>>> print(open('query.cif').read())   # mmCIF, C-alpha atoms; chains and numbers go by the auth columns
data_entry
#
loop_
_atom_site.group_PDB
_atom_site.id
_atom_site.type_symbol
_atom_site.label_atom_id
_atom_site.label_comp_id
_atom_site.label_asym_id
_atom_site.label_seq_id
_atom_site.Cartn_x
_atom_site.Cartn_y
_atom_site.Cartn_z
_atom_site.B_iso_or_equiv
_atom_site.auth_seq_id
_atom_site.auth_asym_id
ATOM 1 C CA MET A 1 9.467 -18.052 -13.171 0.00 1 K
ATOM 2 C CA ASP A 2 11.676 -19.641 -15.848 0.00 2 K
ATOM 3 C CA TRP A 3 9.265 -21.762 -17.841 0.00 3 K
ATOM 4 C CA ASP A 4 10.437 -24.925 -19.570 0.00 4 K
ATOM 5 C CA ASP A 5 9.161 -28.467 -20.172 0.00 5 K
ATOM 6 C CA THR A 6 9.058 -29.198 -16.445 0.00 6 K
ATOM 7 C CA HIS A 7 6.324 -26.598 -15.987 0.00 7 K
ATOM 8 C CA ILE A 8 3.805 -28.252 -18.307 0.00 8 K
ATOM 9 C CA HIS A 9 2.271 -30.226 -15.461 0.00 9 K
ATOM 10 C CA HIS A 10 2.173 -27.080 -13.314 0.00 10 K
ATOM 11 C CA PHE A 11 0.218 -25.290 -16.026 0.00 11 K
ATOM 12 C CA ILE A 12 -2.223 -28.188 -16.423 0.00 12 K
ATOM 13 C CA ALA A 13 -2.693 -28.411 -12.652 0.00 13 K
ATOM 14 C CA ARG A 14 -3.540 -24.692 -12.483 0.00 14 K
ATOM 15 C CA TRP A 15 -5.927 -25.164 -15.390 0.00 15 K
ATOM 16 C CA HIS A 16 -7.756 -27.966 -13.566 0.00 16 K
ATOM 17 C CA GLU A 17 -7.794 -26.072 -10.265 0.00 17 K
ATOM 18 C CA GLN A 18 -9.366 -22.970 -11.821 0.00 18 K
ATOM 19 C CA ASP A 19 -9.692 -22.591 -15.590 0.00 19 K
ATOM 20 C CA ILE A 20 -7.590 -22.375 -18.745 0.00 20 K
ATOM 21 C CA TYR A 21 -7.629 -18.593 -18.684 0.00 21 K
ATOM 22 C CA ALA A 22 -6.277 -18.477 -15.139 0.00 22 K
ATOM 23 C CA ALA A 23 -3.433 -20.728 -16.241 0.00 23 K
ATOM 24 C CA ILE A 24 -2.663 -18.530 -19.251 0.00 24 K
ATOM 25 C CA GLU A 25 -2.943 -15.417 -17.083 0.00 25 K
ATOM 26 C CA GLU A 26 -0.282 -16.811 -14.761 0.00 26 K
ATOM 27 C CA MET A 27 1.861 -17.760 -17.738 0.00 27 K
ATOM 28 C CA ILE A 28 1.850 -14.329 -19.331 0.00 28 K
ATOM 29 C CA ALA A 29 2.453 -12.692 -15.963 0.00 29 K
ATOM 30 C CA THR A 30 5.660 -14.654 -15.495 0.00 30 K
ATOM 31 C CA ILE A 31 7.166 -15.094 -18.963 0.00 31 K
ATOM 32 C CA ALA A 32 7.518 -13.049 -22.143 0.00 32 K
ATOM 33 C CA PRO A 33 4.864 -13.398 -24.881 0.00 33 K
ATOM 34 C CA LEU A 34 7.259 -15.106 -27.299 0.00 34 K
ATOM 35 C CA ALA A 35 8.112 -17.763 -24.746 0.00 35 K
ATOM 36 C CA ALA A 36 4.419 -18.090 -23.875 0.00 36 K
ATOM 37 C CA GLY A 37 3.599 -18.796 -27.508 0.00 37 K
ATOM 38 C CA ARG A 38 6.169 -21.579 -27.622 0.00 38 K
ATOM 39 C CA LEU A 39 4.915 -23.026 -24.348 0.00 39 K
ATOM 40 C CA LEU A 40 1.345 -23.064 -25.607 0.00 40 K
ATOM 41 C CA ASN A 41 2.472 -25.147 -28.572 0.00 41 K
ATOM 42 C CA GLU A 42 4.351 -27.498 -26.263 0.00 42 K
ATOM 43 C CA LEU A 43 1.232 -27.886 -24.154 0.00 43 K
ATOM 44 C CA ALA A 44 -0.902 -28.579 -27.209 0.00 44 K
ATOM 45 C CA ALA A 45 1.607 -31.216 -28.334 0.00 45 K
ATOM 46 C CA HIS A 46 1.530 -32.735 -24.852 0.00 46 K
ATOM 47 C CA LEU A 47 -2.270 -32.973 -24.912 0.00 47 K
ATOM 48 C CA GLN A 48 -2.245 -34.455 -28.405 0.00 48 K
ATOM 49 C CA GLN A 49 0.176 -37.178 -27.359 0.00 49 K
ATOM 50 C CA GLU A 50 -1.027 -37.906 -23.840 0.00 50 K
ATOM 51 C CA SER A 51 -4.785 -37.355 -23.918 0.00 51 K
ATOM 52 C CA THR A 52 -7.800 -38.451 -25.929 0.00 52 K
ATOM 53 C CA ASP A 53 -9.812 -35.466 -24.665 0.00 53 K
ATOM 54 C CA LEU A 54 -10.286 -33.310 -27.753 0.00 54 K
ATOM 55 C CA ASN A 55 -12.442 -30.864 -25.791 0.00 55 K
ATOM 56 C CA SER A 56 -9.446 -29.836 -23.676 0.00 56 K
ATOM 57 C CA MET A 57 -7.267 -29.454 -26.725 0.00 57 K
ATOM 58 C CA VAL A 58 -9.870 -27.286 -28.464 0.00 58 K
ATOM 59 C CA VAL A 59 -10.081 -25.009 -25.417 0.00 59 K
ATOM 60 C CA LEU A 60 -6.306 -24.715 -25.074 0.00 60 K
ATOM 61 C CA VAL A 61 -5.630 -24.119 -28.760 0.00 61 K
ATOM 62 C CA HIS A 62 -8.461 -21.614 -29.112 0.00 62 K
ATOM 63 C CA ALA A 63 -7.157 -19.590 -26.164 0.00 63 K
ATOM 64 C CA GLY A 64 -3.580 -19.928 -27.407 0.00 64 K
ATOM 65 C CA ILE A 65 -4.403 -18.723 -30.904 0.00 65 K
ATOM 66 C CA GLN A 66 -6.216 -15.683 -29.557 0.00 66 K
ATOM 67 C CA PHE A 67 -3.271 -14.920 -27.262 0.00 67 K
ATOM 68 C CA CYS A 68 -0.713 -15.174 -30.066 0.00 68 K
ATOM 69 C CA LEU A 69 -2.710 -13.179 -32.610 0.00 69 K
ATOM 70 C CA ALA A 70 -3.584 -10.407 -30.135 0.00 70 K
ATOM 71 C CA ASN A 71 0.040 -10.036 -29.096 0.00 71 K
ATOM 72 C CA SER A 72 1.209 -10.080 -32.699 0.00 72 K
ATOM 73 C CA ILE A 73 -0.896 -6.969 -33.274 0.00 73 K
ATOM 74 C CA THR A 74 0.671 -5.313 -30.241 0.00 74 K
ATOM 75 C CA PHE A 75 4.176 -6.063 -31.518 0.00 75 K
ATOM 76 C CA LYS A 76 3.467 -5.279 -35.172 0.00 76 K
ATOM 77 C CA THR A 77 4.927 -1.759 -35.149 0.00 77 K
ATOM 78 C CA GLU A 78 7.596 -1.886 -32.462 0.00 78 K
ATOM 79 C CA ASN A 79 8.926 -5.377 -33.209 0.00 79 K
ATOM 80 C CA PRO A 80 7.806 -6.869 -36.547 0.00 80 K
ATOM 81 C CA GLN A 81 10.040 -9.913 -36.073 0.00 81 K
ATOM 82 C CA ALA A 82 8.369 -10.750 -32.776 0.00 82 K
ATOM 83 C CA ALA A 83 4.949 -10.209 -34.360 0.00 83 K
ATOM 84 C CA ALA A 84 5.816 -12.617 -37.172 0.00 84 K
ATOM 85 C CA HIS A 85 7.032 -15.201 -34.657 0.00 85 K
ATOM 86 C CA LEU A 86 3.777 -15.010 -32.691 0.00 86 K
ATOM 87 C CA ARG A 87 1.755 -15.439 -35.872 0.00 87 K
ATOM 88 C CA GLN A 88 3.892 -18.477 -36.643 0.00 88 K
ATOM 89 C CA GLN A 89 3.054 -19.873 -33.204 0.00 89 K
ATOM 90 C CA ALA A 90 -0.646 -19.245 -33.896 0.00 90 K
ATOM 91 C CA ALA A 91 -0.300 -21.069 -37.220 0.00 91 K
ATOM 92 C CA GLU A 92 1.347 -24.065 -35.549 0.00 92 K
ATOM 93 C CA LEU A 93 -1.463 -24.242 -33.006 0.00 93 K
ATOM 94 C CA ALA A 94 -4.069 -24.033 -35.756 0.00 94 K
ATOM 95 C CA GLY A 95 -2.355 -26.718 -37.833 0.00 95 K
ATOM 96 C CA ARG A 96 -2.134 -29.013 -34.844 0.00 96 K
ATOM 97 C CA LEU A 97 -5.850 -28.636 -34.097 0.00 97 K
ATOM 98 C CA ALA A 98 -6.876 -29.066 -37.731 0.00 98 K
ATOM 99 C CA SER A 99 -4.907 -32.305 -37.916 0.00 99 K
ATOM 100 C CA ALA A 100 -6.111 -33.638 -34.554 0.00 100 K
ATOM 101 C CA THR A 101 -9.785 -33.159 -35.457 0.00 101 K
ATOM 102 C CA TRP A 102 -9.656 -34.825 -38.883 0.00 102 K
ATOM 103 C CA PRO A 103 -11.492 -38.181 -38.960 0.00 103 K
ATOM 104 C CA GLY A 104 -9.435 -39.480 -41.866 0.00 104 K
ATOM 105 C CA TRP A 105 -6.653 -40.655 -39.551 0.00 105 K
ATOM 106 C CA ASN A 106 -9.193 -43.004 -37.950 0.00 106 K
ATOM 107 C CA SER A 107 -7.474 -42.764 -34.566 0.00 107 K
ATOM 108 C CA PRO A 108 -9.111 -45.529 -32.503 0.00 108 K
ATOM 109 C CA ASP A 109 -9.009 -43.683 -29.166 0.00 109 K
ATOM 110 C CA LEU A 110 -10.459 -40.389 -30.397 0.00 110 K
ATOM 111 C CA VAL A 111 -14.142 -39.562 -30.613 0.00 111 K
ATOM 112 C CA ILE A 112 -14.460 -36.694 -33.091 0.00 112 K
ATOM 113 C CA GLN A 113 -17.773 -34.919 -32.682 0.00 113 K
ATOM 114 C CA ASP A 114 -19.458 -32.364 -34.938 0.00 114 K
ATOM 115 C CA THR A 115 -18.278 -29.482 -32.750 0.00 115 K
ATOM 116 C CA HIS A 116 -14.675 -30.700 -33.109 0.00 116 K
ATOM 117 C CA LEU A 117 -15.106 -30.690 -36.882 0.00 117 K
ATOM 118 C CA LEU A 118 -16.313 -27.091 -36.763 0.00 118 K
ATOM 119 C CA PHE A 119 -13.261 -25.975 -34.796 0.00 119 K
ATOM 120 C CA GLY A 120 -11.037 -28.074 -37.029 0.00 120 K
ATOM 121 C CA MET A 121 -12.351 -26.428 -40.180 0.00 121 K
ATOM 122 C CA GLU A 122 -11.823 -22.947 -38.759 0.00 122 K
ATOM 123 C CA ALA A 123 -8.332 -23.934 -37.625 0.00 123 K
ATOM 124 C CA ALA A 124 -7.544 -25.196 -41.129 0.00 124 K
ATOM 125 C CA ARG A 125 -8.770 -21.949 -42.666 0.00 125 K
ATOM 126 C CA LEU A 126 -6.662 -19.943 -40.224 0.00 126 K
ATOM 127 C CA TYR A 127 -3.581 -22.080 -40.858 0.00 127 K
ATOM 128 C CA LEU A 128 -3.905 -21.520 -44.606 0.00 128 K
ATOM 129 C CA ARG A 129 -4.326 -17.756 -44.164 0.00 129 K
ATOM 130 C CA LEU A 130 -1.318 -17.457 -41.863 0.00 130 K
ATOM 131 C CA SER A 131 0.821 -19.761 -44.005 0.00 131 K
ATOM 132 C CA GLN A 132 0.139 -17.597 -47.046 0.00 132 K
ATOM 133 C CA GLU A 133 1.640 -14.640 -45.187 0.00 133 K
ATOM 134 C CA ASN A 134 4.987 -16.431 -45.223 0.00 134 K
ATOM 135 C CA GLN A 135 6.092 -15.960 -48.822 0.00 135 K
ATOM 136 C CA GLU A 136 9.463 -17.584 -48.156 0.00 136 K
ATOM 137 C CA GLU A 137 7.951 -20.979 -47.244 0.00 137 K
ATOM 138 C CA PRO A 138 5.595 -22.196 -50.004 0.00 138 K
ATOM 139 C CA ALA A 139 5.556 -25.641 -48.394 0.00 139 K
ATOM 140 C CA LEU A 140 3.541 -24.173 -45.513 0.00 140 K
ATOM 141 C CA ALA A 141 0.830 -22.997 -47.894 0.00 141 K
ATOM 142 C CA ALA A 142 0.842 -26.454 -49.496 0.00 142 K
ATOM 143 C CA ARG A 143 0.122 -27.986 -46.106 0.00 143 K
ATOM 144 C CA GLY A 144 -2.522 -25.318 -45.521 0.00 144 K
ATOM 145 C CA HIS A 145 -4.384 -26.254 -48.676 0.00 145 K
ATOM 146 C CA TRP A 146 -4.055 -29.950 -47.773 0.00 146 K
ATOM 147 C CA LEU A 147 -5.531 -29.419 -44.297 0.00 147 K
ATOM 148 C CA LEU A 148 -8.406 -27.353 -45.664 0.00 148 K
ATOM 149 C CA ALA A 149 -9.052 -29.957 -48.353 0.00 149 K
ATOM 150 C CA ALA A 150 -9.045 -32.675 -45.702 0.00 150 K
ATOM 151 C CA HIS A 151 -11.709 -30.855 -43.701 0.00 151 K
ATOM 152 C CA CYS A 152 -13.741 -30.273 -46.856 0.00 152 K
ATOM 153 C CA MET A 153 -13.697 -34.068 -47.229 0.00 153 K
ATOM 154 C CA ALA A 154 -14.970 -34.388 -43.663 0.00 154 K
ATOM 155 C CA ARG A 155 -17.967 -32.295 -44.735 0.00 155 K
ATOM 156 C CA LEU A 156 -18.280 -34.365 -47.930 0.00 156 K
ATOM 157 C CA HIS A 157 -17.585 -31.254 -50.034 0.00 157 K
ATOM 158 C CA TRP A 158 -15.722 -33.162 -52.729 0.00 158 K
ATOM 159 C CA GLN A 159 -15.274 -30.448 -55.342 0.00 159 K
ATOM 160 C CA GLN A 160 -13.752 -28.012 -52.849 0.00 160 K
ATOM 161 C CA ALA A 161 -11.561 -30.760 -51.410 0.00 161 K
ATOM 162 C CA HIS A 162 -10.331 -31.734 -54.879 0.00 162 K
ATOM 163 C CA GLN A 163 -9.533 -28.110 -55.706 0.00 163 K
ATOM 164 C CA HIS A 164 -7.482 -27.548 -52.544 0.00 164 K
ATOM 165 C CA PHE A 165 -5.613 -30.850 -52.919 0.00 165 K
ATOM 166 C CA GLN A 166 -4.640 -29.772 -56.434 0.00 166 K
ATOM 167 C CA LEU A 167 -3.498 -26.374 -55.145 0.00 167 K
ATOM 168 C CA ALA A 168 -1.470 -28.143 -52.462 0.00 168 K
ATOM 169 C CA ALA A 169 0.235 -30.216 -55.154 0.00 169 K
ATOM 170 C CA THR A 170 1.198 -27.137 -57.151 0.00 170 K
ATOM 171 C CA LEU A 171 2.812 -25.529 -54.070 0.00 171 K
ATOM 172 C CA ALA A 172 4.508 -28.643 -52.673 0.00 172 K
ATOM 173 C CA VAL A 173 8.292 -28.641 -52.906 0.00 173 K
ATOM 174 C CA THR A 174 9.120 -32.356 -52.662 0.00 174 K
ATOM 175 C CA PRO A 175 8.127 -35.070 -55.146 0.00 175 K
ATOM 176 C CA GLN A 176 6.703 -37.245 -52.369 0.00 176 K
ATOM 177 C CA TYR A 177 4.400 -34.520 -51.064 0.00 177 K
ATOM 178 C CA ILE A 178 3.307 -33.640 -54.599 0.00 178 K
ATOM 179 C CA ASP A 179 2.319 -37.267 -55.172 0.00 179 K
ATOM 180 C CA PHE A 180 0.685 -37.403 -51.739 0.00 180 K
ATOM 181 C CA CYS A 181 -1.527 -34.422 -52.580 0.00 181 K
ATOM 182 C CA ASN A 182 -2.327 -35.771 -56.034 0.00 182 K
ATOM 183 C CA ALA A 183 -3.332 -39.098 -54.489 0.00 183 K
ATOM 184 C CA TYR A 184 -5.877 -37.364 -52.268 0.00 184 K
ATOM 185 C CA ALA A 185 -7.187 -35.370 -55.216 0.00 185 K
ATOM 186 C CA ALA A 186 -7.674 -38.653 -57.083 0.00 186 K
ATOM 187 C CA MET A 187 -9.295 -40.171 -53.998 0.00 187 K
ATOM 188 C CA CYS A 188 -11.939 -37.434 -53.973 0.00 188 K
ATOM 189 C CA MET A 189 -12.875 -38.113 -57.579 0.00 189 K
ATOM 190 C CA VAL A 190 -13.117 -41.885 -57.210 0.00 190 K
ATOM 191 C CA LEU A 191 -15.197 -41.540 -54.058 0.00 191 K
ATOM 192 C CA VAL A 192 -17.690 -39.196 -55.658 0.00 192 K
ATOM 193 C CA ASN A 193 -17.890 -41.136 -58.928 0.00 193 K
ATOM 194 C CA PRO A 194 -16.504 -44.685 -58.618 0.00 194 K
ATOM 195 C CA ALA A 195 -18.183 -45.775 -61.848 0.00 195 K
ATOM 196 C CA ASN A 196 -15.975 -43.454 -63.913 0.00 196 K
ATOM 197 C CA SER A 197 -13.145 -45.567 -65.336 0.00 197 K
ATOM 198 C CA LYS A 198 -10.844 -42.529 -65.608 0.00 198 K
ATOM 199 C CA ASN A 199 -11.270 -41.809 -61.897 0.00 199 K
ATOM 200 C CA VAL A 200 -10.526 -45.434 -61.030 0.00 200 K
ATOM 201 C CA GLU A 201 -7.418 -45.444 -63.222 0.00 201 K
ATOM 202 C CA GLU A 202 -6.088 -42.174 -61.751 0.00 202 K
ATOM 203 C CA TRP A 203 -6.669 -43.446 -58.211 0.00 203 K
ATOM 204 C CA SER A 204 -4.859 -46.693 -58.971 0.00 204 K
ATOM 205 C CA THR A 205 -1.933 -44.877 -60.600 0.00 205 K
ATOM 206 C CA ALA A 206 -1.656 -42.452 -57.699 0.00 206 K
ATOM 207 C CA ARG A 207 -1.506 -45.324 -55.207 0.00 207 K
ATOM 208 C CA GLN A 208 1.209 -47.074 -57.187 0.00 208 K
ATOM 209 C CA THR A 209 3.217 -43.857 -57.397 0.00 209 K
ATOM 210 C CA LEU A 210 3.053 -43.356 -53.629 0.00 210 K
ATOM 211 C CA MET A 211 4.442 -46.831 -53.063 0.00 211 K
ATOM 212 C CA GLN A 212 7.635 -45.902 -54.901 0.00 212 K
ATOM 213 C CA HIS A 213 8.660 -43.318 -52.317 0.00 213 K
ATOM 214 C CA GLU A 214 10.506 -43.794 -49.061 0.00 214 K
ATOM 215 C CA ASN A 215 8.026 -44.940 -46.403 0.00 215 K
ATOM 216 C CA GLY A 216 5.657 -45.575 -49.286 0.00 216 K
ATOM 217 C CA GLU A 217 3.937 -48.524 -47.630 0.00 217 K
ATOM 218 C CA GLU A 218 3.198 -46.524 -44.479 0.00 218 K
ATOM 219 C CA VAL A 219 1.837 -43.573 -46.453 0.00 219 K
ATOM 220 C CA MET A 220 -0.200 -45.953 -48.581 0.00 220 K
ATOM 221 C CA ARG A 221 -1.742 -47.574 -45.494 0.00 221 K
ATOM 222 C CA GLN A 222 -2.792 -44.179 -44.134 0.00 222 K
ATOM 223 C CA THR A 223 -4.221 -43.161 -47.503 0.00 223 K
ATOM 224 C CA THR A 224 -6.192 -46.412 -47.686 0.00 224 K
ATOM 225 C CA THR A 225 -7.454 -45.828 -44.155 0.00 225 K
ATOM 226 C CA ALA A 226 -8.731 -42.383 -45.118 0.00 226 K
ATOM 227 C CA TYR A 227 -10.390 -43.818 -48.233 0.00 227 K
ATOM 228 C CA ASN A 228 -12.243 -46.395 -46.135 0.00 228 K
ATOM 229 C CA VAL A 229 -13.332 -43.771 -43.599 0.00 229 K
ATOM 230 C CA PHE A 230 -14.894 -41.558 -46.224 0.00 230 K
ATOM 231 C CA LEU A 231 -16.336 -44.451 -48.201 0.00 231 K
ATOM 232 C CA THR A 232 -18.176 -45.430 -45.023 0.00 232 K
ATOM 233 C CA LEU A 233 -19.409 -41.851 -44.523 0.00 233 K
ATOM 234 C CA LEU A 234 -20.641 -41.723 -48.114 0.00 234 K
ATOM 235 C CA THR A 235 -22.424 -45.051 -47.723 0.00 235 K
ATOM 236 C CA GLN A 236 -24.119 -43.853 -44.552 0.00 236 K
ATOM 237 C CA GLN A 237 -25.195 -40.626 -46.270 0.00 237 K
ATOM 238 C CA THR A 238 -26.648 -42.585 -49.198 0.00 238 K
ATOM 239 C CA SER A 239 -28.528 -44.976 -46.923 0.00 239 K
ATOM 240 C CA ASN A 240 -30.072 -42.064 -45.017 0.00 240 K
#
>>> encode(input="query.cif", output="structure tokens")
Amino acid sequence: MDWDDTHIHHFIARWHEQDIYAAIEEMIATIAPLAAGRLLNELAAHLQQESTDLNSMVVLVHAGIQFCLANSITFKTENPQAAAHLRQQAAELAGRLASATWPGWNSPDLVIQDTHLLFGMEAARLYLRLSQENQEEPALAARGHWLLAAHCMARLHWQQAHQHFQLAATLAVTPQYIDFCNAYAAMCMVLVNPANSKNVEEWSTARQTLMQHENGEEVMRQTTTAYNVFLTLLTQQTSN
């Protein structure tokens, strides 16, 4: 079978008829592993756009990551390029899951549960590890540190989050992303100690700097949304 976008619904139908592993089994029986890795990412993107069911996405991405990593080991000696491509596919799956399970976006239709946060944290850790293997693309490692920092925020681990946001800023390759990472680092400090005038000043300066970039207002709105999400979580923790 020649798999392309038209087969996404076929895959999902097979998944619902039996199970995710039956669907993947059929996929790898009919197409090459490299194509299967790409299809798994397309399916994950489809679920992220079309569904609010994070449980399904977690199952798909978990199975897809295991498939890609296992096959990358198989190809490591005979075809290093193919192995690297499969690890890239695993990284993309992990990054997608880490982003989808982060509460800071405040997506109104998504209910992010504690189990989703656990998978999201592990996905962020995996994405960072795999991105660091790619020495030619430092921007990937910058995103990896940002995703891990974001999930540290979700656990209210402010010092670790601040550290990884700073590391992300040092690896970022565009001025806008550097300022984006620095803004989140400043956000962590003002959330954990809002009475510190230095923290307040750095947070205010970071917000003003973001506004100067292209799409600055949109980025600023998202950053403010994340701030409000974690301010609420901190307030709830304090009240308990």
>>> residues_around(input="query.cif", residues="Asp114 (chain K)", least_positions_apart="2", cutoff="12 Å", atoms="only C-alpha atoms", output="list in words")
Leu54, Asn55, Thr101, Trp102, Pro103, Val111, Ile112, His116, Leu117, Leu118, Phe119, Gly120, Met121, His151, Ala154 and Arg155 of chain K
>>> closest_residue(input="query.cif", among="K:Asn106, K:Gln236, K:Glu50, K:Pro175", to="Thr223 (chain K)", atoms="all atoms listed in the file")
K:Asn106
>>> residues_around(input="query.cif", residues="region 33-37 of chain K", least_positions_apart="2", cutoff="7 Å", atoms="only C-alpha atoms", output="PyMOL selection string")
chain K and resi 27-28+31+39-41+68+86+89
>>> write_last_selection(input="query.cif", atoms="C-alpha atoms", output="PDB file, in the coordinates of the input")
ATOM      1  CA  MET K  27       1.861 -17.760 -17.738  1.00  0.00           C
ATOM      2  CA  ILE K  28       1.850 -14.329 -19.331  1.00  0.00           C
ATOM      3  CA  ILE K  31       7.166 -15.094 -18.963  1.00  0.00           C
ATOM      4  CA  LEU K  39       4.915 -23.026 -24.348  1.00  0.00           C
ATOM      5  CA  LEU K  40       1.345 -23.064 -25.607  1.00  0.00           C
ATOM      6  CA  ASN K  41       2.472 -25.147 -28.572  1.00  0.00           C
ATOM      7  CA  CYS K  68      -0.713 -15.174 -30.066  1.00  0.00           C
ATOM      8  CA  LEU K  86       3.777 -15.010 -32.691  1.00  0.00           C
ATOM      9  CA  GLN K  89       3.054 -19.873 -33.204  1.00  0.00           C
TER      10      GLN K  89
END
>>> atom_distance(input="query.cif", atom1="CA of Trp15 (chain K)", atom2="CA of Ser72 (chain K)")
24.0 Å
>>> resolve_selection(input="query.cif", expression="the PyMOL selection byres ((chain K and resi 83) around 12)", output="list in words")
Pro33, Leu34, Gly37, Phe67, Cys68, Leu69, Ala70, Asn71, Ser72, Ile73, Thr74, Phe75, Lys76, Thr77, Glu78, Asn79, Pro80, Gln81, Ala82, Ala84, His85, Leu86, Arg87, Gln88, Gln89 and Ala90 of chain K
>>> residues_around(input="query.cif", residues="Glu26 (chain K)", least_positions_apart="5", cutoff="12 Å", atoms="all atoms listed in the file", output="number ranges by chain")
K: 1, 3, 7, 10-12, 14-15, 18-21, 31-33, 36
>>> write_last_selection(input="query.cif", atoms="C-alpha atoms", output="tab-separated table (two decimals), keeping the file's coordinate frame")
chain	number	residue	atom	x	y	z
K	1	MET	CA	9.47	-18.05	-13.17
K	3	TRP	CA	9.26	-21.76	-17.84
K	7	HIS	CA	6.32	-26.60	-15.99
K	10	HIS	CA	2.17	-27.08	-13.31
K	11	PHE	CA	0.22	-25.29	-16.03
K	12	ILE	CA	-2.22	-28.19	-16.42
K	14	ARG	CA	-3.54	-24.69	-12.48
K	15	TRP	CA	-5.93	-25.16	-15.39
K	18	GLN	CA	-9.37	-22.97	-11.82
K	19	ASP	CA	-9.69	-22.59	-15.59
K	20	ILE	CA	-7.59	-22.38	-18.74
K	21	TYR	CA	-7.63	-18.59	-18.68
K	31	ILE	CA	7.17	-15.09	-18.96
K	32	ALA	CA	7.52	-13.05	-22.14
K	33	PRO	CA	4.86	-13.40	-24.88
K	36	ALA	CA	4.42	-18.09	-23.88
>>> atom_distance(input="query.cif", atom1="CA of Gly144 (chain K)", atom2="CA of Tyr127 (chain K)")
5.8 Å
>>> atom_distance(input="query.cif", atom1="CA of Thr235 (chain K)", atom2="CA of Val190 (chain K)")
13.7 Å
>>> closest_residue(input="query.cif", among="K:Gln176, K:Ser51, K:Ser197, K:Phe230", to="Gln212 (chain K)", atoms="all atoms listed in the file")
K:Gln176
>>> resolve_selection(input="query.cif", expression="the PyMOL selection byres ((chain K and resi 187) around 12)", output="number ranges by chain")
K: 149-150, 153, 158-159, 161-162, 165-166, 180-186, 188-194, 198-207, 223-231
>>> closest_residue(input="query.cif", among="K:Asn196, K:Thr174, K:Gln66, K:Gln163", to="Leu93 (chain K)", atoms="all atoms listed in the file")
K:Gln66
>>> build_atoms(input="query.cif", residues="region 117-121 of chain K", atoms="all heavy atoms", output="PDB file, in the coordinates of the input")
ATOM      1  N   LEU K 117     -15.278 -30.927 -35.449  1.00  0.00           N
ATOM      2  CA  LEU K 117     -15.106 -30.690 -36.882  1.00  0.00           C
ATOM      3  C   LEU K 117     -15.236 -29.207 -37.216  1.00  0.00           C
ATOM      4  O   LEU K 117     -14.508 -28.695 -38.075  1.00  0.00           O
ATOM      5  CB  LEU K 117     -16.134 -31.496 -37.675  1.00  0.00           C
ATOM      6  CG  LEU K 117     -15.952 -33.017 -37.674  1.00  0.00           C
ATOM      7  CD1 LEU K 117     -17.106 -33.677 -38.422  1.00  0.00           C
ATOM      8  CD2 LEU K 117     -14.624 -33.412 -38.298  1.00  0.00           C
ATOM      9  N   LEU K 118     -16.150 -28.530 -36.532  1.00  0.00           N
ATOM     10  CA  LEU K 118     -16.313 -27.091 -36.763  1.00  0.00           C
ATOM     11  C   LEU K 118     -15.046 -26.329 -36.386  1.00  0.00           C
ATOM     12  O   LEU K 118     -14.565 -25.476 -37.147  1.00  0.00           O
ATOM     13  CB  LEU K 118     -17.507 -26.558 -35.971  1.00  0.00           C
ATOM     14  CG  LEU K 118     -18.891 -27.008 -36.439  1.00  0.00           C
ATOM     15  CD1 LEU K 118     -19.957 -26.547 -35.455  1.00  0.00           C
ATOM     16  CD2 LEU K 118     -19.190 -26.457 -37.826  1.00  0.00           C
ATOM     17  N   PHE K 119     -14.499 -26.629 -35.216  1.00  0.00           N
ATOM     18  CA  PHE K 119     -13.261 -25.975 -34.796  1.00  0.00           C
ATOM     19  C   PHE K 119     -12.105 -26.368 -35.715  1.00  0.00           C
ATOM     20  O   PHE K 119     -11.227 -25.553 -36.011  1.00  0.00           O
ATOM     21  CB  PHE K 119     -12.937 -26.336 -33.345  1.00  0.00           C
ATOM     22  CG  PHE K 119     -13.669 -25.522 -32.330  1.00  0.00           C
ATOM     23  CD1 PHE K 119     -14.746 -26.049 -31.638  1.00  0.00           C
ATOM     24  CD2 PHE K 119     -13.289 -24.210 -32.056  1.00  0.00           C
ATOM     25  CE1 PHE K 119     -15.429 -25.289 -30.699  1.00  0.00           C
ATOM     26  CE2 PHE K 119     -13.966 -23.447 -31.124  1.00  0.00           C
ATOM     27  CZ  PHE K 119     -15.042 -23.983 -30.428  1.00  0.00           C
ATOM     28  N   GLY K 120     -12.099 -27.622 -36.144  1.00  0.00           N
ATOM     29  CA  GLY K 120     -11.037 -28.074 -37.029  1.00  0.00           C
ATOM     30  C   GLY K 120     -11.059 -27.356 -38.361  1.00  0.00           C
ATOM     31  O   GLY K 120      -9.998 -26.979 -38.894  1.00  0.00           O
ATOM     32  N   MET K 121     -12.226 -27.149 -38.921  1.00  0.00           N
ATOM     33  CA  MET K 121     -12.351 -26.428 -40.180  1.00  0.00           C
ATOM     34  C   MET K 121     -11.860 -24.995 -40.044  1.00  0.00           C
ATOM     35  O   MET K 121     -11.101 -24.486 -40.886  1.00  0.00           O
ATOM     36  CB  MET K 121     -13.801 -26.460 -40.658  1.00  0.00           C
ATOM     37  CG  MET K 121     -14.092 -25.552 -41.855  1.00  0.00           C
ATOM     38  SD  MET K 121     -13.188 -26.016 -43.357  1.00  0.00           S
ATOM     39  CE  MET K 121     -14.326 -27.218 -44.061  1.00  0.00           C
TER      40      MET K 121
END
